[in-house]
file data28.tsv (TSV, C-alpha atoms and all ligand atoms)
chain	number	residue	atom	x	y	z
W	224	MET	CA	-16.65	33.64	11.19
W	225	ASN	CA	-16.39	32.76	14.84
W	226	PHE	CA	-19.76	31.09	14.68
W	227	ASN	CA	-18.66	28.63	11.98
W	228	ARG	CA	-15.49	27.77	13.80
W	229	ALA	CA	-17.34	27.24	17.07
W	230	THR	CA	-19.94	25.10	15.31
W	231	PHE	CA	-17.21	23.05	13.69
W	232	ILE	CA	-15.37	22.55	16.98
W	233	HIS	CA	-18.63	21.61	18.66
W	234	ALA	CA	-19.43	19.02	15.96
W	235	GLU	CA	-15.95	17.50	16.20
W	236	PHE	CA	-16.10	17.41	19.99
W	237	HIS	CA	-19.61	15.98	19.96
W	238	SER	CA	-18.66	13.10	17.67
W	239	ALA	CA	-15.48	12.38	19.64
W	240	VAL	CA	-17.10	12.15	23.07
W	241	THR	CA	-20.70	11.06	22.56
W	242	PRO	CA	-21.50	7.36	22.26
W	243	ASN	CA	-22.44	5.98	18.87
W	244	LEU	CA	-25.69	4.08	19.49
W	245	LEU	CA	-24.93	1.68	16.63
W	246	ASN	CA	-22.36	0.16	18.99
W	247	TYR	CA	-25.04	-1.15	21.35
W	248	ASP	CA	-27.07	-4.35	21.33
W	249	ALA	CA	-30.47	-4.35	23.08
W	250	ALA	CA	-29.08	-4.93	26.59
W	251	GLN	CA	-26.38	-2.28	26.17
W	252	LEU	CA	-28.89	0.22	24.78
W	253	THR	CA	-31.23	-0.44	27.71
W	254	GLY	CA	-28.28	0.31	30.01
W	255	PHE	CA	-27.61	3.54	28.13
W	256	PHE	CA	-31.22	4.68	28.58
W	257	ALA	CA	-31.12	3.81	32.28
W	258	ASP	CA	-27.98	5.96	32.58
W	259	ILE	CA	-29.77	8.97	31.11
W	260	GLY	CA	-32.86	8.37	33.28
W	261	GLU	CA	-35.13	6.89	30.59
W	262	LYS	CA	-37.37	3.81	30.57
W	263	PRO	CA	-36.18	0.48	29.06
W	264	PHE	CA	-38.82	0.49	26.28
W	265	ARG	CA	-37.00	3.43	24.71
W	266	ALA	CA	-34.26	0.97	23.71
W	267	LYS	CA	-36.75	-0.99	21.59
W	268	GLN	CA	-37.99	2.18	19.93
W	269	LEU	CA	-34.46	3.27	19.15
W	270	LEU	CA	-33.48	-0.16	17.79
W	271	ARG	CA	-36.44	-0.08	15.41
W	272	TRP	CA	-35.65	3.43	14.20
W	273	MET	CA	-31.98	2.69	13.69
W	274	HIS	CA	-32.02	-0.80	12.29
W	275	GLN	CA	-35.45	-1.27	10.73
W	276	CYS	CA	-35.94	2.26	9.35
W	277	GLY	CA	-32.24	3.02	8.81
W	278	GLU	CA	-32.79	6.37	10.57
W	279	ALA	CA	-29.75	8.22	11.87
W	280	ASP	CA	-31.36	11.57	12.72
W	281	PHE	CA	-33.05	11.76	16.13
W	282	SER	CA	-35.24	14.66	14.99
W	283	ASN	CA	-37.06	12.34	12.55
W	284	MET	CA	-38.04	9.83	15.26
W	285	SER	CA	-41.66	10.89	15.40
W	286	ASP	CA	-42.88	8.70	18.26
W	287	LEU	CA	-40.29	10.12	20.69
W	288	ALA	CA	-41.18	13.29	22.60
W	289	LYS	CA	-39.43	16.37	21.27
W	290	SER	CA	-37.62	16.80	24.57
W	291	LEU	CA	-36.20	13.25	24.36
W	292	ARG	CA	-35.11	13.78	20.75
W	293	GLU	CA	-33.25	16.89	21.83
W	294	LYS	CA	-31.72	15.13	24.81
W	295	LEU	CA	-30.48	12.29	22.60
W	296	ALA	CA	-29.08	14.68	20.01
W	297	ALA	CA	-27.11	16.39	22.79
W	298	CYS	CA	-25.67	13.24	24.37
W	299	ALA	CA	-25.44	10.59	21.62
W	300	ARG	CA	-25.04	10.02	17.90
W	301	ILE	CA	-25.90	7.40	15.28
W	302	GLU	CA	-23.05	7.04	12.87
W	303	ALA	CA	-22.75	4.32	10.23
W	304	PRO	CA	-19.35	3.71	8.64
W	305	ARG	CA	-18.54	5.66	5.47
W	306	ILE	CA	-18.90	3.98	2.07
W	307	ALA	CA	-15.79	4.54	-0.03
W	308	SER	CA	-17.10	2.74	-3.12
W	309	ASP	CA	-20.06	0.69	-4.31
W	310	ALA	CA	-20.02	-1.62	-7.35
W	311	THR	CA	-22.48	-4.12	-8.84
W	312	ALA	CA	-21.45	-7.11	-10.98
W	313	ALA	CA	-23.26	-8.49	-14.01
W	314	ASP	CA	-24.63	-11.36	-11.86
W	315	GLY	CA	-26.07	-8.88	-9.31
W	316	THR	CA	-23.32	-9.35	-6.70
W	317	ARG	CA	-22.75	-5.99	-5.02
W	318	LYS	CA	-19.67	-4.89	-3.17
W	319	TRP	CA	-19.14	-1.99	-0.77
W	320	LEU	CA	-15.70	-0.78	0.24
W	321	ILE	CA	-16.05	0.66	3.74
W	322	ASP	CA	-13.68	3.27	5.10
W	323	VAL	CA	-12.88	2.47	8.72
W	324	GLY	CA	-10.49	5.39	9.20
W	325	ASN	CA	-6.72	5.87	9.40
W	326	GLY	CA	-6.17	4.50	5.91
W	327	ASN	CA	-7.97	1.20	6.59
W	328	ALA	CA	-10.82	-0.20	4.55
W	329	VAL	CA	-12.84	-3.41	4.63
W	330	GLU	CA	-15.39	-4.81	2.23
W	331	SER	CA	-18.78	-6.42	2.41
W	332	VAL	CA	-20.39	-8.31	-0.43
W	333	PHE	CA	-24.07	-8.99	-1.13
W	334	ILE	CA	-24.78	-12.17	-3.09
W	335	PRO	CA	-28.33	-12.38	-4.47
W	336	GLU	CA	-29.78	-15.81	-5.23
W	337	ALA	CA	-33.26	-16.94	-6.27
W	338	ASN	CA	-34.47	-17.74	-2.75
W	339	ARG	CA	-32.14	-15.70	-0.54
W	340	GLY	CA	-29.78	-12.76	-0.33
W	341	THR	CA	-26.54	-13.29	1.58
W	342	LEU	CA	-24.32	-10.58	3.00
W	343	CYS	CA	-20.68	-11.47	3.64
W	344	VAL	CA	-19.50	-9.33	6.58
W	345	SER	CA	-15.98	-8.38	7.74
W	346	SER	CA	-14.99	-8.41	11.42
W	347	GLN	CA	-11.42	-7.06	11.49
W	348	ALA	CA	-9.20	-4.75	9.46
W	349	GLY	CA	-6.70	-7.44	8.43
W	350	CYS	CA	-6.08	-10.65	10.34
W	351	ALA	CA	-3.24	-11.78	12.59
W	352	LEU	CA	-3.66	-15.53	12.01
W	353	ASP	CA	-1.63	-15.71	8.82
W	354	CYS	CA	-3.20	-18.65	6.99
W	355	LYS	CA	-0.87	-19.31	4.10
W	356	PHE	CA	-3.41	-19.22	1.24
W	357	CYS	CA	-5.29	-16.13	2.49
W	358	SER	CA	-4.61	-12.63	1.27
W	359	THR	CA	-6.14	-11.08	4.41
W	360	GLY	CA	-3.57	-13.07	6.40
W	361	LYS	CA	-0.82	-11.70	4.15
W	362	GLN	CA	-1.94	-8.16	4.92
W	363	GLY	CA	-1.30	-8.46	8.62
W	364	PHE	CA	-3.55	-7.05	11.32
W	365	ASN	CA	-4.57	-3.48	12.01
W	366	ARG	CA	-7.48	-3.53	14.44
W	367	ASN	CA	-10.79	-5.04	15.46
W	368	LEU	CA	-13.88	-3.47	13.91
W	369	THR	CA	-16.31	-1.90	16.37
W	370	THR	CA	-19.85	-3.26	16.73
W	371	ALA	CA	-21.04	-0.19	14.79
W	372	GLU	CA	-18.64	-1.00	11.94
W	373	ILE	CA	-19.78	-4.64	11.84
W	374	ILE	CA	-23.55	-4.08	12.09
W	375	GLY	CA	-23.03	-0.96	9.96
W	376	GLN	CA	-22.30	-3.26	7.01
W	377	LEU	CA	-25.80	-4.74	7.31
W	378	TRP	CA	-27.24	-1.25	7.90
W	379	ILE	CA	-25.60	-0.01	4.71
W	380	ALA	CA	-26.63	-3.05	2.65
W	381	ASN	CA	-30.27	-3.01	3.80
W	382	LYS	CA	-30.53	0.71	3.17
W	383	ALA	CA	-28.95	0.51	-0.27
W	384	LEU	CA	-30.85	-2.60	-1.35
W	385	GLY	CA	-34.16	-1.70	0.33
W	386	ALA	CA	-34.39	1.41	-1.80
W	387	THR	CA	-34.78	-0.77	-4.88
W	388	SER	CA	-37.03	-3.48	-3.49
W	389	LYS	CA	-39.98	-1.67	-1.90
W	390	GLY	CA	-38.91	-2.15	1.68
W	391	GLU	CA	-38.54	-5.95	1.63
W	392	ARG	CA	-35.81	-7.46	3.77
W	393	VAL	CA	-33.33	-8.10	1.03
W	394	VAL	CA	-30.58	-9.51	3.23
W	395	SER	CA	-31.99	-12.83	4.44
W	396	ASN	CA	-28.67	-14.44	5.45
W	397	VAL	CA	-25.42	-13.20	6.93
W	398	VAL	CA	-22.08	-14.99	6.78
W	399	MET	CA	-19.25	-13.74	8.99
W	400	MET	CA	-16.78	-14.71	6.26
W	401	GLY	CA	-15.34	-11.39	5.21
W	402	MET	CA	-12.05	-9.99	6.29
W	403	GLY	CA	-10.71	-11.10	9.68
W	404	GLU	CA	-11.20	-13.85	12.25
W	405	PRO	CA	-14.57	-13.14	13.93
W	406	LEU	CA	-13.78	-15.10	17.11
W	407	ALA	CA	-10.67	-12.96	17.65
W	408	ASN	CA	-13.02	-9.96	17.97
W	409	PHE	CA	-15.46	-11.84	20.17
W	410	ASP	CA	-17.36	-9.16	22.10
W	411	ASN	CA	-18.00	-6.82	19.17
W	412	VAL	CA	-18.95	-9.68	16.84
W	413	VAL	CA	-21.36	-11.16	19.41
W	414	ALA	CA	-23.01	-7.75	20.02
W	415	ALA	CA	-23.41	-7.30	16.25
W	416	MET	CA	-24.83	-10.83	15.82
W	417	ARG	CA	-27.28	-10.23	18.68
W	418	LEU	CA	-28.55	-7.24	16.71
W	419	MET	CA	-28.83	-9.40	13.58
W	420	LEU	CA	-31.05	-11.80	15.56
W	421	ASP	CA	-33.05	-9.19	17.51
W	422	ASP	CA	-36.69	-8.86	16.40
W	423	ASN	CA	-36.50	-5.12	16.99
W	424	ALA	CA	-33.46	-4.90	14.72
W	425	TYR	CA	-32.92	-7.34	11.82
W	426	GLY	CA	-34.87	-10.35	13.08
W	427	LEU	CA	-32.79	-13.03	11.31
W	428	SER	CA	-33.08	-16.61	12.52
W	429	ARG	CA	-30.00	-18.20	14.09
W	430	ARG	CA	-29.89	-20.67	11.22
W	431	ARG	CA	-29.42	-17.81	8.78
W	432	VAL	CA	-26.43	-16.27	10.52
W	433	THR	CA	-23.21	-18.25	10.00
W	434	LEU	CA	-19.90	-17.57	11.67
W	435	SER	CA	-16.77	-18.96	10.03
W	436	THR	CA	-13.70	-19.57	12.17
W	437	SER	CA	-10.23	-20.88	11.60
W	438	GLY	CA	-10.63	-22.76	14.89
W	439	ILE	CA	-10.01	-20.78	18.08
W	440	VAL	CA	-11.20	-23.55	20.38
W	441	PRO	CA	-11.96	-21.67	23.67
W	442	ALA	CA	-13.87	-19.04	21.70
W	443	ILE	CA	-15.99	-21.73	19.99
W	444	ASP	CA	-17.07	-22.83	23.48
W	445	ARG	CA	-17.79	-19.24	24.52
W	446	LEU	CA	-19.84	-18.68	21.36
W	447	ARG	CA	-21.93	-21.73	22.13
W	448	ASP	CA	-23.03	-20.11	25.39
W	449	ALA	CA	-23.12	-16.45	24.31
W	450	CYS	CA	-24.76	-16.57	20.88
W	451	PRO	CA	-25.04	-19.95	19.14
W	452	VAL	CA	-25.41	-19.33	15.42
W	453	ALA	CA	-24.64	-21.70	12.54
W	454	LEU	CA	-20.94	-22.60	12.61
W	455	ALA	CA	-18.52	-23.04	9.71
W	456	VAL	CA	-14.99	-24.22	10.45
W	457	SER	CA	-12.07	-23.70	8.08
W	458	LEU	CA	-10.54	-27.17	8.04
W	459	HIS	CA	-8.43	-27.13	4.84
W	460	ALA	CA	-6.27	-30.15	5.76
W	461	PRO	CA	-6.86	-33.77	6.78
W	462	ASN	CA	-4.03	-33.96	9.36
W	463	ASP	CA	-2.13	-31.81	11.85
W	464	ALA	CA	1.14	-31.87	9.90
W	465	LEU	CA	-0.41	-30.09	6.89
W	466	ARG	CA	-2.83	-27.94	8.89
W	467	ASP	CA	0.02	-26.69	11.08
W	468	VAL	CA	1.50	-25.17	7.91
W	469	LEU	CA	-1.65	-23.92	6.16
W	470	VAL	CA	-3.58	-22.69	9.21
W	471	PRO	CA	-0.93	-21.86	11.85
W	472	ILE	CA	-3.49	-21.50	14.69
W	473	ASN	CA	-3.62	-25.32	14.44
W	474	ARG	CA	-0.31	-25.47	16.35
W	475	LYS	CA	-2.15	-24.02	19.33
W	476	TYR	CA	-5.47	-25.84	18.85
W	477	PRO	CA	-4.80	-29.10	16.96
W	478	LEU	CA	-7.43	-31.06	15.07
W	479	ALA	CA	-8.46	-33.41	17.90
W	480	GLU	CA	-9.26	-30.42	20.14
W	481	LEU	CA	-10.98	-28.56	17.31
W	482	LEU	CA	-13.21	-31.48	16.39
W	483	ALA	CA	-14.11	-32.05	20.06
W	484	ALA	CA	-15.15	-28.38	20.27
W	485	CYS	CA	-17.27	-28.86	17.13
W	486	ARG	CA	-19.06	-31.77	18.77
W	487	ARG	CA	-19.69	-29.73	21.94
W	488	TYR	CA	-20.98	-26.85	19.84
W	489	LEU	CA	-23.62	-29.04	18.24
W	490	ASP	CA	-25.40	-29.41	21.63
W	491	LYS	CA	-26.61	-25.84	21.30
W	492	ALA	CA	-26.23	-25.08	17.59
W	493	PRO	CA	-29.27	-24.03	15.56
W	494	ARG	CA	-28.30	-26.58	12.91
W	495	ASP	CA	-27.50	-30.23	13.48
W	496	PHE	CA	-24.25	-30.14	11.53
W	497	ILE	CA	-21.02	-28.15	11.29
W	498	THR	CA	-20.01	-26.85	7.88
W	499	PHE	CA	-16.38	-27.65	7.12
W	500	GLU	CA	-14.77	-25.31	4.61
W	501	TYR	CA	-11.95	-26.77	2.57
W	502	VAL	CA	-10.00	-24.61	0.15
W	503	MET	CA	-8.84	-26.63	-2.88
W	504	LEU	CA	-5.10	-26.09	-3.42
W	505	ASP	CA	-3.49	-27.80	-6.38
W	506	GLY	CA	-1.15	-30.60	-5.30
W	507	VAL	CA	-1.30	-29.56	-1.64
W	508	ASN	CA	-4.52	-30.90	-0.08
W	509	ASP	CA	-6.59	-32.18	-3.01
W	510	SER	CA	-5.64	-35.86	-3.55
W	511	VAL	CA	-8.03	-38.81	-3.24
W	512	GLU	CA	-5.87	-40.19	-0.38
W	513	GLN	CA	-6.29	-36.92	1.47
W	514	ALA	CA	-10.06	-37.08	0.90
W	515	ARG	CA	-10.02	-40.57	2.49
W	516	GLU	CA	-7.97	-39.29	5.42
W	517	LEU	CA	-10.52	-36.51	5.84
W	518	ILE	CA	-13.43	-38.97	5.91
W	519	ALA	CA	-11.76	-40.86	8.77
W	520	LEU	CA	-10.94	-37.61	10.57
W	521	VAL	CA	-14.52	-36.28	10.70
W	522	ARG	CA	-16.32	-39.58	11.23
W	523	ASP	CA	-17.61	-38.55	14.68
W	524	VAL	CA	-18.78	-35.05	13.72
W	525	PRO	CA	-22.12	-34.52	11.94
W	526	CYS	CA	-21.00	-32.22	9.13
W	527	LYS	CA	-21.31	-30.92	5.60
W	528	PHE	CA	-18.37	-30.00	3.39
W	529	ASN	CA	-18.04	-26.84	1.39
W	530	LEU	CA	-15.16	-27.07	-1.09
W	531	ILE	CA	-13.80	-23.64	-2.05
W	532	PRO	CA	-11.77	-23.48	-5.27
W	533	PHE	CA	-8.71	-21.40	-4.29
W	534	ASN	CA	-8.78	-17.84	-5.57
W	535	PRO	CA	-5.23	-16.86	-6.41
W	536	PHE	CA	-3.67	-13.52	-5.54
W	537	PRO	CA	-0.20	-12.13	-6.31
W	538	GLN	CA	2.68	-13.99	-4.63
W	539	SER	CA	0.36	-16.53	-2.98
W	540	GLY	CA	2.53	-19.41	-4.12
W	541	PHE	CA	-0.56	-21.64	-4.58
W	542	LYS	CA	-2.66	-22.70	-7.55
W	543	ARG	CA	-6.33	-23.60	-7.71
W	544	SER	CA	-6.97	-27.35	-8.02
W	545	PRO	CA	-8.05	-28.35	-11.52
W	546	ARG	CA	-11.79	-28.89	-11.97
W	547	GLU	CA	-11.21	-32.63	-12.37
W	548	ALA	CA	-9.33	-32.88	-9.05
W	549	ILE	CA	-12.14	-31.03	-7.25
W	550	ARG	CA	-14.69	-33.39	-8.83
W	551	ARG	CA	-12.73	-36.50	-7.75
W	552	PHE	CA	-12.25	-35.14	-4.23
W	553	ALA	CA	-15.97	-34.30	-3.93
W	554	GLU	CA	-16.98	-37.72	-5.25
W	555	THR	CA	-14.77	-39.51	-2.74
W	556	LEU	CA	-16.46	-37.64	0.12
W	557	LEU	CA	-19.91	-38.18	-1.40
W	558	ALA	CA	-19.28	-41.92	-1.76
W	559	ALA	CA	-18.61	-42.05	1.99
W	560	GLY	CA	-22.06	-40.55	2.63
W	561	LEU	CA	-20.94	-36.97	3.31
W	562	VAL	CA	-22.87	-33.97	2.02
W	563	VAL	CA	-20.61	-31.88	-0.24
W	564	THR	CA	-21.10	-28.61	-2.09
W	565	THR	CA	-18.55	-26.74	-4.17
W	566	ARG	CA	-18.65	-22.97	-3.79
W	567	LYS	CA	-19.42	-21.00	-6.92
W	568	THR	CA	-17.39	-17.96	-7.85
W	569	ARG	CA	-19.59	-14.86	-7.86
W	570	GLY	CA	-19.06	-11.25	-8.89
W	571	ASP	CA	-15.64	-11.76	-10.43
W	572	ASP	CA	-16.16	-8.89	-12.91
W	573	ILE	CA	-16.08	-6.46	-9.94
W	574	ASP	CA	-13.41	-8.42	-8.03
W	575	ALA	CA	-15.94	-9.54	-5.44
W	576	ALA	CA	-15.32	-13.29	-5.56
W	577	CYS	CA	-13.43	-15.13	-2.82
W	578	GLY	CA	-9.84	-13.93	-2.76
W	579	GLN	CA	-10.46	-10.93	-4.99
W	580	LEU	CA	-11.49	-8.19	-2.57
W	581	ALA	CA	-9.11	-5.25	-2.32
W	582	GLY	CA	-9.24	-3.94	1.22
W	583	LYS	CA	-6.54	-1.63	2.50
W	584	VAL	CA	-4.89	-2.16	5.85
W	585	ASP	CA	-2.20	-0.30	7.72
W	586	ASP	CA	-0.52	-3.32	9.29
W	587	LYS	CA	0.21	-2.91	12.98
W	588	THR	CA	1.79	-6.29	13.39
W	589	ARG	CA	4.45	-6.10	10.73
W	590	ARG	CA	4.75	-2.36	10.39
W	591	THR	CA	4.49	-2.50	6.63
W	592	ARG	CA	1.83	-0.73	4.67
W	593	ARG	CA	0.57	-2.53	1.66
W	594	VAL	CA	-2.51	-2.58	-0.51
W	595	VAL	CA	-3.20	-6.20	-1.27
W	596	GLU	CA	-6.15	-8.34	-2.17
W	597	ILE	CA	-8.21	-9.76	0.62
W	598	GLN	CA	-10.64	-12.57	0.56
W	599	PRO	CA	-14.22	-12.63	1.80
W	600	CYS	CA	-16.40	-15.66	1.27
E	1	LIG	N1	-11.33	-15.96	9.35
E	1	LIG	C1	-12.42	-16.80	9.12
E	1	LIG	C2	-13.45	-16.26	8.17
E	1	LIG	C3	-13.00	-15.51	6.95
E	1	LIG	S1	-12.34	-16.35	5.62
E	1	LIG	C4	-11.95	-18.17	8.69
E	1	LIG	O1	-10.77	-18.33	8.40
E	1	LIG	O2	-12.77	-19.09	8.66
E	1	LIG	C5	-13.71	-17.27	4.87
E	1	LIG	C6	-13.24	-18.55	4.15
E	1	LIG	O3	-12.47	-18.30	2.95
E	1	LIG	C7	-12.34	-19.38	5.05
E	1	LIG	O4	-12.69	-20.73	4.97
E	1	LIG	C8	-10.98	-19.13	4.43
E	1	LIG	O5	-10.07	-20.13	4.78
E	1	LIG	C9	-11.29	-19.09	2.96
E	1	LIG	N2	-10.22	-18.47	2.13
E	1	LIG	C10	-9.22	-17.67	2.54
E	1	LIG	N3	-8.43	-17.32	1.47
E	1	LIG	C11	-8.95	-17.90	0.38
E	1	LIG	C12	-8.61	-17.89	-1.01
E	1	LIG	N4	-7.59	-17.20	-1.46
E	1	LIG	N5	-9.39	-18.60	-1.86
E	1	LIG	C13	-10.48	-19.27	-1.40
E	1	LIG	N6	-10.85	-19.30	-0.11
E	1	LIG	C14	-10.11	-18.64	0.78
E	2	LIG	FE1	-7.53	-14.84	9.03
E	2	LIG	FE2	-9.47	-16.47	8.12
E	2	LIG	FE3	-7.61	-15.45	6.47
E	2	LIG	FE4	-6.92	-17.32	8.24
E	2	LIG	S1	-8.35	-17.57	6.49
E	2	LIG	S2	-5.77	-15.43	7.80
E	2	LIG	S3	-8.22	-16.75	9.97
E	2	LIG	S4	-9.15	-14.31	7.59
call {"tool": "encode", "arguments": {"input": "data28.tsv", "output": "structure tokens"}}
result
Amino acid sequence: MNFNRATFIHAEFHSAVTPNLLNYDAAQLTGFFADIGEKPFRAKQLLRWMHQCGEADFSNMSDLAKSLREKLAACARIEAPRIASDATAADGTRKWLIDVGNGNAVESVFIPEANRGTLCVSSQAGCALDCKFCSTGKQGFNRNLTTAEIIGQLWIANKALGATSKGERVVSNVVMMGMGEPLANFDNVVAAMRLMLDDNAYGLSRRRVTLSTSGIVPAIDRLRDACPVALAVSLHAPNDALRDVLVPINRKYPLAELLAACRRYLDKAPRDFITFEYVMLDGVNDSVEQARELIALVRDVPCKFNLIPFNPFPQSGFKRSPREAIRRFAETLLAAGLVVTTRKTRGDDIDAACGQLAGKVDDKTRRTRRVVEIQPC
């Protein structure tokens, strides 16, 4: 059975050394084609096959010459991440657990609504930023996802959902609100978002792609120049003293610097406001006085507030604010003329709501291996 063994070794070797074309945005793919002596328009053809048709087999790409198909098969591959599980909730929310190798897994969640379908995408296996109310933070950090693993989540969702909806674009919106801090994986996240926006790939408008950050100030400025999409900022506290504890990156980039970066971002943003996310923690950040402090804090930043009822997880040490406290907090902001929405919990019967996702991360920062709940959006 020499033949089988040789074939196996060849396949292993091929996948280890050949580039995965799902890692490339349009400019990078054009560069790849130049390197193999092909014209730039081939990049557009490949993008359409990969991202619009969900095709991973070069031999099916009928408008490429046979010789080019063979050349590509010999020097490249198209490899989406592996789906470890797929579950659909009673409300239609669908969750994929994605195996990213070496015992690590991340999740993406599709949330269908009457007029849109939103995919919540992960950017890292774990997160190093250690926000105190976040189960991803509790997991520690393993590694950045590759561009292929990030855009692969959209690839997987469109393929799975397209099969049941006669080819319509089912994912109309993307939120980078899954596992991880997207701005800490800047290059791969930007390449993946460029593919989301590219007309030859997913063709989403900038307004329909939202990146959520805990507030890495220099990276907010870089994003503004590299790929300005809608921006959500995880505020969670009305002053530095509390934010230093809840969102430790605040010690490096305090509120005054963060809010100044938000204002700068608006010069190039596709929307004329920043969305401030605010997790509602019982007795910690949910009083009427704190709502008033918040109003004063954001007075110079055009913004909308999204209140997120805390989703508890084991040993979090926090409780969700009572409904009445959330209502009072929202009304205080509303009375000051702010726009406020309170996030609904979706897909809780398949553990797909905020704070319920069970990703698995082999922590490289704390050298402990745990399976804990992570939170997406
Ligand atoms: N790292 C990014 C994006 C991922 S988290 C960020 O921090 O913005 C997406 C949102 O969910 C953030 O606003 C985050 O603070 C919030 N979140 C984290 N843990 C939560 C929990 N247990 N319950 C509710 N929201 C949570
Ligand atoms: Fe990381 Fe965001 Fe969780 Fe903070 S809230 S630990 S930045 S994923």
call {"tool": "atom_distance", "arguments": {"input": "data28.tsv", "atom1": "atom CA of Thr253 of chain W", "atom2": "atom CA of Asn423 of chain W"}}
result
12.8 Å
call {"tool": "residues_around", "arguments": {"input": "data28.tsv", "residues": "segment 351-356 of chain W", "least_positions_apart": "3", "cutoff": "9 Å", "atoms": "all atoms listed in the file", "output": "list in words"}}
result
Thr359, Gly360, Lys361, Gln362, Gly363, Phe364, Asn365, Gly403, Glu404, Ser437, Val468, Leu469, Val470, Pro471, Ile472, Val502, Leu504, Phe533, Asn534, Pro535, Phe536, Ser539, Gly540, Phe541 and Thr588 of chain W
call {"tool": "atom_distance", "arguments": {"input": "data28.tsv", "atom1": "atom CA of Glu554 of chain W", "atom2": "atom CA of Ile518 of chain W"}}
result
11.8 Å
call {"tool": "atom_distance", "arguments": {"input": "data28.tsv", "atom1": "atom CA of Gln376 of chain W", "atom2": "atom CA of Cys526 of chain W"}}
result
29.1 Å
call {"tool": "closest_residue", "arguments": {"input": "data28.tsv", "among": "W:Asn529, W:Thr555, W:Ser457, W:Ser510", "to": "ligand LIG 1 (chain E)", "atoms": "all atoms listed in the file"}}
result
W:Ser457
call {"tool": "residues_near_point", "arguments": {"input": "data28.tsv", "point": "(-18.6, -6.9, 11.1)", "cutoff": "7 Å", "atoms": "all atoms listed in the file", "output": "list in words"}}
result
Val344, Ser345, Ser346, Leu368, Thr370, Glu372, Ile373, Ile374, Gln376 and Val412 of chain W
call {"tool": "closest_residue", "arguments": {"input": "data28.tsv", "among": "W:Glu480, W:Asp258, W:Asp467, W:Asp490", "to": "Arg447 of chain W", "atoms": "all atoms listed in the file"}}
result
W:Asp490
call {"tool": "residues_around", "arguments": {"input": "data28.tsv", "residues": "Val397 of chain W", "least_positions_apart": "3", "cutoff": "9 Å", "atoms": "only C-alpha atoms", "output": "PyMOL selection string"}}
result
chain W and resi 340-344+377+394+400+419+427+431-434
call {"tool": "write_last_selection", "arguments": {"input": "data28.tsv", "atoms": "C-alpha atoms", "output": "compact mmCIF listing (two decimals), in the frame of the given file"}}
result
# COMPACT_ATOMS: atom_id res chain seq x y z
CA GLY W 340 -29.78 -12.76 -0.33
CA THR W 341 -26.54 -13.29 1.58
CA LEU W 342 -24.32 -10.58 3.00
CA CYS W 343 -20.68 -11.47 3.64
CA VAL W 344 -19.50 -9.33 6.58
CA LEU W 377 -25.80 -4.74 7.31
CA VAL W 394 -30.58 -9.51 3.23
CA MET W 400 -16.78 -14.71 6.26
CA MET W 419 -28.83 -9.40 13.58
CA LEU W 427 -32.79 -13.03 11.31
CA ARG W 431 -29.42 -17.81 8.78
CA VAL W 432 -26.43 -16.27 10.52
CA THR W 433 -23.21 -18.25 10.00
CA LEU W 434 -19.90 -17.57 11.67
call {"tool": "axis_aligned_box", "arguments": {"input": "data28.tsv", "around": "ligand LIG 2 (chain E)", "padding_each_side": "5 Å", "output": "AutoDock Vina command-line options"}}
result
--center_x -7.6 --center_y -15.9 --center_z 8.2 --size_x 13.7 --size_y 13.3 --size_z 13.5
call {"tool": "closest_residue", "arguments": {"input": "data28.tsv", "among": "W:Val456, W:Val584, W:Leu287, W:Ala299", "to": "ligand LIG 2 (chain E)", "atoms": "only C-alpha atoms and all ligand atoms"}}
result
W:Val456
call {"tool": "closest_residue", "arguments": {"input": "data28.tsv", "among": "W:Phe264, W:Tyr488, W:Phe256, W:Tyr247", "to": "Gly375 of chain W", "atoms": "all atoms listed in the file"}}
result
W:Tyr247
